[in-house]
Amino acid sequence: MLTRFVIELSQNLYFVGLVLTYLLWGAILKLRETRAQLVQLVLSLGVYFSAFAATYALRNLYPGPHMVLGYLLQLIALSLPLAWAYTIWRVPAEARLAPSRLVVVPR
């Protein structure tokens, strides 16, 4: 019973993290933030939470023992520190992104 509670709690926490990360991404777009390091850190966090939420969704859709899912979870967990390390070491602090303008076409 405790194991099931922990799984459901972590599923809910990853989903809340996913929603909050996309709200943060929306705030970054709204404020027109151009620092490449910040944008890449937030996007990697979004991919991380999205991947974990997707694996929990797959676990609920297809219950049963999955050996591949265990290895996939480990790869996803490793992806965030690797993405952040790449961002910190390879992306210069003064690098900026040019945000594209959204063009509204009148009808």
# chains A, B, ... in the order shown; residues from 1 in each chain; ligands from 1
>>> select_by_dssp(residues="chain A", states="alpha helix (DSSP H)", output="ChimeraX atom specification")
/A:2-30,36-61,67-90
>>> closest_atom_pairs(of="region 6-41 of chain A", to="region 53-59 of chain A", cutoff="7 Å", atoms="only C-alpha atoms", output="JSON lines")
{"residue": "A:Gln11", "atom": "CA", "partner": "A:Tyr56", "partner_atom": "CA", "distance": 6.3}
{"residue": "A:Tyr14", "atom": "CA", "partner": "A:Ala53", "partner_atom": "CA", "distance": 6.0}
{"residue": "A:Phe15", "atom": "CA", "partner": "A:Ala53", "partner_atom": "CA", "distance": 5.9}
>>> residues_around(residues="region 24-26 of chain A", least_positions_apart="4", cutoff="7 Å", atoms="only C-alpha atoms", output="number ranges by chain")
A: 20, 30, 42
>>> residues_around(residues="Thr34 (chain A)", least_positions_apart="3", cutoff="8 Å", atoms="only C-alpha atoms", output="list in words")
Val39, Arg96, Leu97, Ala98 and Pro99 of chain A
>>> residues_around(residues="Ala51 (chain A)", least_positions_apart="6", cutoff="12 Å", atoms="only C-alpha atoms", output="VMD selection string")
chain A and resid 11 14 to 15 17 to 18 44 to 45 57 to 58 69 72 to 80
>>> closest_residue(among="A:Ser50, A:Gln40, A:Thr87, A:Thr3", to="Val19 (chain A)", atoms="only C-alpha atoms")
A:Ser50
>>> closest_residue(among="A:Leu43, A:Met1, A:Trp89, A:Phe52", to="Leu13 (chain A)", atoms="only C-alpha atoms")
A:Phe52
>>> atom_distance(atom1="CA of Leu82 (chain A)", atom2="CA of Val47 (chain A)")
12.5 Å
